[in-house]
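Remarks on the structure that follows.
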Amino acid sequence: MTTEQHTGKARVGMFGLGVMGQNLALNIERNGCRVVVFNRELEWVDDFVKRHEGLQLVGAHSAEEFVKVIERPRKIILLVKAGDPVDWTVAQIKPFLEAGDIIIDGGNSYFVDTARREEELKKQGLYFIGSGVSGGEKGALLGPSLMPGGDREAYEKIRPIWEAIAAKVDDGPCVTYIGPGGAGHFVKMVHNGIEYGDMQLIAEAYDMLRRLLGMSTEEMAGVFDEWNRGDLESYLIEITAEILRVKDPETGRPLVDLVLDKAGQKGTGKWTSDIALELGVAIPTIDAAVGMRNLSAHKDERVEAGRQIGGPAAGKFEGDRKELIAAIHDALYASKICSYAQGMSLIHAGSKNWNWNIDLGETARIWKGGCIIRARFLGKIKQAYDKNPNLPNLLLDPDFNAYMQQAQANWRRAVTTAMAAGIPVLGMSASIGYFDTYRTAELPLNLTQAQRDFFGSHTYERVDKPGQPAIHTEWEQLLEKQG
């Protein structure tokens, strides 16, 4: 059905008919909205509308036709590749827009770009909302987690639609107003960084089960099933068990064993690491996950290094298998808590730096359903921030602290067992390093600062003279005098 065949106005416009765009358009239509769709490849438009004949879907064949059929104030969703394609798309539709119209970028745009676009369009009387959309293809169709940021007044105009299409959990739809400017895309970026950490930690647990204990994929699937009935219950644990059970139709072997160990990435993890460095926030677990994906890309080099560089011979684990499985569980959960603690600390720092006033409890709540990192323990994170909205770090929450104390021995046992066997656990070791560093009142960085003052006159503060200005010492001269 084309616009010529339909005289009614559409409530929403969807520009971009990749799988995410198609599924989100179907989700919006299912919730009672007529949707006009457009794509650079016009055959995609016709094919999509034809395949869903009878639904409230309208196909447009030009940017002008697309814009004109939407009721005012227009609500136009962009689901195109981040970067220049977003600016190109905005330029295509902007000549036909009118003051008060709203553009919503649902892609994984860099939050700085989103803030720039919002400022530029605001000068022309247009609203721009950067809304993170998490949940993948299935989430887009059945209910994603949505993280909108931008002008509050503009969000209120799209709020009924966003709440209708979002995933639903026990305490409401998985959407909340994040904050002004690029806040929505910032939170989505950190969400993706946490997702990187989660996936890396699960991969390390899987590696320990198969290499230390020699488990089959079916046995490991059973372990992940069991874990998914407890504290580790989450989407990623659930699909891990499912993946481990799939057999290759050609060979009959577990399909996961035939997947090349080179993990791709689209850049949001790197963005998270970059901005954490800029804001001075330590996120070593997420950094490790990004680093592991980078290392994984060098497959040929790793194969050659394996031939030339020796290490521990991976022998059969001789201890109690059930005890080690329990230790790996605790290591995974404790490391996961550290990863989320790092991510939430980064969101807090970004919110403070850009005056966004992000509600960390609400952020955790909207991740409980729809999104890739949805997990049971997000409810505990929400409770932690509800009790103390100014909580500087999740590790200081009494409930999380109590668990970490209980899990420490198993956590350390699992990590050291893996390291002794030469099994890389970069994510878990980064997590335990973060935990130990955060709880250490006196770090050896006094020596680092002394070195900086020695070679660069960078000055230092004295512990025995608190509050006094930093000083510089001529270390070599003082050494000569004392020598």
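Ordering of the structure tokens sets the chain letters (A, B, ...); residue numbers start at 1 within each chain; ligands are numbered from 1 in the order shown.
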
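Using only C-alpha atoms, the protein and nucleic acid residues lying no more than 8 Å from Ile194 in chain A, apart from those fewer than 2 places from it along its own chain, are Val190, His191, Asn192, Tyr196, Gly197, Asp198, Ile286, Ser339, Tyr340, Gly343 and Ile373 of chain A.
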
message: Applying 9 Å and only C-alpha atoms, which residues near Leu279 in chain A remain after dropping the ones on its own chain fewer than 2 positions away? List them as a list of chain:residue names.
response: A:Asp274, A:Ile275, A:Ala276, A:Leu277, A:Val281, A:Leu346, A:Ala349, A:Gly350, A:Asn353

How would the residues just chosen look if you wrote them out with all heavy atoms as a tab-separated table (two decimals), in the first residue's frame?
```tsv
chain	number	residue	atom	x	y	z
A	274	ASP	N	37.32	4.59	25.87
A	274	ASP	CA	37.88	5.91	25.58
A	274	ASP	C	37.33	6.97	26.53
A	274	ASP	O	38.08	7.78	27.09
A	274	ASP	CB	37.60	6.31	24.13
A	274	ASP	CG	38.41	5.52	23.12
A	274	ASP	OD1	39.39	4.87	23.54
A	274	ASP	OD2	38.08	5.56	21.92
A	275	ILE	N	36.00	6.98	26.69
A	275	ILE	CA	35.40	8.04	27.51
A	275	ILE	C	35.71	7.82	28.98
A	275	ILE	O	35.82	8.78	29.76
A	275	ILE	CB	33.87	8.15	27.26
A	275	ILE	CG1	33.38	9.54	27.67
A	275	ILE	CG2	33.10	7.08	27.99
A	275	ILE	CD1	33.95	10.69	26.87
A	276	ALA	N	35.88	6.55	29.40
A	276	ALA	CA	36.26	6.28	30.78
A	276	ALA	C	37.65	6.85	31.07
A	276	ALA	O	37.88	7.44	32.14
A	276	ALA	CB	36.23	4.78	31.06
A	277	LEU	N	38.57	6.70	30.12
A	277	LEU	CA	39.89	7.30	30.28
A	277	LEU	C	39.79	8.82	30.38
A	277	LEU	O	40.44	9.44	31.22
A	277	LEU	CB	40.78	6.92	29.09
A	277	LEU	CG	41.39	5.52	29.10
A	277	LEU	CD1	42.08	5.25	27.76
A	277	LEU	CD2	42.40	5.39	30.24
A	281	VAL	N	37.73	7.33	35.01
A	281	VAL	CA	37.01	6.25	35.69
A	281	VAL	C	37.63	4.91	35.29
A	281	VAL	O	37.80	4.63	34.10
A	281	VAL	CB	35.51	6.27	35.31
A	281	VAL	CG1	34.77	5.12	35.99
A	281	VAL	CG2	34.87	7.60	35.69
A	346	LEU	N	30.77	4.82	35.77
A	346	LEU	CA	31.02	5.63	34.58
A	346	LEU	C	29.79	6.46	34.24
A	346	LEU	O	29.90	7.64	33.87
A	346	LEU	CB	31.41	4.73	33.41
A	346	LEU	CG	31.70	5.42	32.08
A	346	LEU	CD1	32.76	6.52	32.24
A	346	LEU	CD2	32.13	4.42	31.03
A	349	ALA	N	29.69	9.32	36.61
A	349	ALA	CA	30.68	10.34	36.29
A	349	ALA	C	30.25	11.16	35.08
A	349	ALA	O	30.41	12.39	35.06
A	349	ALA	CB	32.04	9.68	36.02
A	350	GLY	N	29.70	10.50	34.04
A	350	GLY	CA	29.23	11.23	32.88
A	350	GLY	C	28.09	12.16	33.22
A	350	GLY	O	28.02	13.30	32.76
A	353	ASN	N	29.53	15.12	35.01
A	353	ASN	CA	30.34	15.97	34.14
A	353	ASN	C	29.48	16.83	33.22
A	353	ASN	O	29.81	18.00	32.97
A	353	ASN	CB	31.28	15.10	33.31
A	353	ASN	CG	32.30	15.90	32.53
A	353	ASN	OD1	33.20	16.51	33.10
A	353	ASN	ND2	32.15	15.94	31.22
```

task: Find the residues near range 134-144 of chain A: any atom within 9 Å, counting only C-alpha atoms, skip ones fewer than 2 places away on the same chain, and give them as a VMD selection string.
output: chain A and resid 19 to 28 132 146 to 147 164 to 168 174 to 175 188 191 to 192 367 369 to 374

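Summary of the local environment: counting only C-alpha atoms, residues at most 8 Å from range 332-338 of chain A, other than itself and those fewer than 6 positions away along its chain, are Gly197, Asp198, Leu201, Ile202, Ala205, Asp231, Leu232, Thr285, Leu394, Leu395, Phe400, Tyr403, Met404, Ala407, Gln408, Trp411, Gly427, Met428, Ser431, Ile432, Tyr434 and Phe435 of chain A.
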
Find the residues near Lys382 in chain A: any atom within 7 Å, counting only C-alpha atoms, skip ones fewer than 3 places away on the same chain, and give them as a short mmCIF file (atom, residue, chain, number, x, y, z; two decimals) with all heavy atoms, in the first residue's frame.
```
data_model
loop_
_atom_site.label_atom_id
_atom_site.label_comp_id
_atom_site.auth_asym_id
_atom_site.auth_seq_id
_atom_site.Cartn_x
_atom_site.Cartn_y
_atom_site.Cartn_z
N GLY A 361 19.14 4.21 39.61
CA GLY A 361 18.18 3.17 39.94
C GLY A 361 17.23 2.90 38.80
O GLY A 361 16.94 1.75 38.46
N GLU A 362 16.72 3.97 38.18
CA GLU A 362 15.83 3.82 37.03
C GLU A 362 16.57 3.21 35.84
O GLU A 362 16.00 2.44 35.08
CB GLU A 362 15.25 5.19 36.63
CG GLU A 362 13.92 5.51 37.24
CD GLU A 362 12.82 4.61 36.71
OE1 GLU A 362 12.27 4.88 35.62
OE2 GLU A 362 12.49 3.61 37.38
N ALA A 364 18.99 1.03 35.97
CA ALA A 364 19.05 -0.42 36.22
C ALA A 364 17.68 -1.05 35.99
O ALA A 364 17.58 -2.16 35.45
CB ALA A 364 19.53 -0.68 37.64
N ARG A 365 16.62 -0.36 36.38
CA ARG A 365 15.27 -0.93 36.24
C ARG A 365 14.92 -1.19 34.78
O ARG A 365 14.38 -2.25 34.45
CB ARG A 365 14.22 0.03 36.85
CG ARG A 365 12.81 -0.54 36.84
CD ARG A 365 11.76 0.51 37.15
NE ARG A 365 11.63 1.50 36.08
CZ ARG A 365 10.98 1.28 34.94
NH1 ARG A 365 10.41 0.11 34.69
NH2 ARG A 365 10.92 2.23 34.02
N LEU A 378 19.73 -7.18 38.35
CA LEU A 378 19.50 -5.75 38.12
C LEU A 378 18.48 -5.19 39.11
O LEU A 378 18.51 -4.01 39.45
CB LEU A 378 19.03 -5.52 36.68
CG LEU A 378 20.16 -5.55 35.65
CD1 LEU A 378 19.61 -5.77 34.25
CD2 LEU A 378 20.97 -4.26 35.69
N GLY A 379 17.56 -6.05 39.58
CA GLY A 379 16.64 -5.61 40.62
C GLY A 379 17.39 -5.24 41.89
O GLY A 379 17.03 -4.28 42.59
N TYR A 385 20.52 1.56 44.62
CA TYR A 385 20.47 3.00 44.35
C TYR A 385 19.21 3.65 44.91
O TYR A 385 19.20 4.84 45.20
CB TYR A 385 20.61 3.25 42.85
CG TYR A 385 22.02 3.05 42.36
CD1 TYR A 385 22.35 1.98 41.53
CD2 TYR A 385 23.05 3.91 42.76
CE1 TYR A 385 23.65 1.77 41.11
CE2 TYR A 385 24.35 3.71 42.33
CZ TYR A 385 24.65 2.65 41.51
OH TYR A 385 25.94 2.45 41.09
N ASP A 386 18.14 2.88 45.07
CA ASP A 386 16.96 3.42 45.73
C ASP A 386 17.26 3.72 47.20
O ASP A 386 16.80 4.72 47.75
CB ASP A 386 15.79 2.43 45.63
CG ASP A 386 15.17 2.39 44.24
OD1 ASP A 386 15.47 3.29 43.43
OD2 ASP A 386 14.37 1.47 43.96
#
```

task: Measure the distance from CA of Ala418 in chain A to CA of Lys247 in chain A in Å and round it to one decimal.
output: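 Atom-to-atom, CA of Ala418 in chain A to CA of Lys247 in chain A, that is 27.8 Å.
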
message: For Leu57 in chain A, find every residue with an atom within 8 Å (counting only C-alpha atoms), except residues of its own chain fewer than 3 positions away, and show them as a list in words.
response: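 In the requested format, the answer is Met1, Glu29, Arg34, Val35, Val36, Val37, Val49, His52 and Glu53 of chain A.
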
task: Would you mind listing what lies within 12 Å of Arg229 in chain A as a ChimeraX atom specification, with only C-alpha atoms counted and same-chain residues fewer than 5 positions away left out?
output: /A:222-224,234-235,237-238,241,375-376

Could you turn the residues from that selection into a file that holds N, CA, C and O atoms, as a short mmCIF file (atom, residue, chain, number, x, y, z; two decimals), in the first residue's frame?
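Here's the written file out13.cif:
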```cif
data_model
loop_
_atom_site.label_atom_id
_atom_site.label_comp_id
_atom_site.auth_asym_id
_atom_site.auth_seq_id
_atom_site.Cartn_x
_atom_site.Cartn_y
_atom_site.Cartn_z
N GLY A 222 24.11 -28.01 30.67
CA GLY A 222 23.41 -28.31 31.91
C GLY A 222 23.84 -27.40 33.05
O GLY A 222 23.01 -26.97 33.87
N VAL A 223 25.15 -27.11 33.12
CA VAL A 223 25.66 -26.21 34.15
C VAL A 223 25.07 -24.81 33.98
O VAL A 223 24.60 -24.19 34.94
N PHE A 224 25.08 -24.31 32.74
CA PHE A 224 24.53 -22.97 32.49
C PHE A 224 23.03 -22.93 32.75
O PHE A 224 22.49 -21.93 33.23
N SER A 234 19.95 -14.74 33.59
CA SER A 234 20.06 -13.63 32.65
C SER A 234 19.87 -14.14 31.23
O SER A 234 19.97 -15.34 30.97
N TYR A 235 19.65 -13.21 30.34
CA TYR A 235 19.49 -13.56 28.92
C TYR A 235 20.75 -14.20 28.37
O TYR A 235 20.69 -15.20 27.64
N ILE A 237 23.20 -15.84 29.91
CA ILE A 237 23.39 -17.20 30.43
C ILE A 237 22.42 -18.16 29.75
O ILE A 237 22.78 -19.28 29.37
N GLU A 238 21.19 -17.70 29.57
CA GLU A 238 20.17 -18.53 28.93
C GLU A 238 20.57 -18.93 27.51
O GLU A 238 20.49 -20.10 27.14
N ALA A 241 23.46 -21.57 27.21
CA ALA A 241 23.02 -22.97 27.30
C ALA A 241 22.42 -23.43 25.98
O ALA A 241 22.67 -24.57 25.53
N ALA A 375 18.94 -9.15 33.45
CA ALA A 375 19.37 -10.15 34.42
C ALA A 375 18.62 -9.95 35.73
O ALA A 375 18.19 -8.84 36.05
N ARG A 376 18.49 -11.04 36.48
CA ARG A 376 17.78 -10.98 37.75
C ARG A 376 18.40 -9.96 38.69
O ARG A 376 17.70 -9.21 39.37
#
```

- request: Name the closest residue to Ala91 in chain A among the candidates A:Ala63, A:Ile77, A:Arg321, A:Lys481; distances are taken between atoms, counting only C-alpha atoms.
  value: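 When distances to Ala91 in chain A are compared using only C-alpha atoms, the smallest one comes from A:Ala63.
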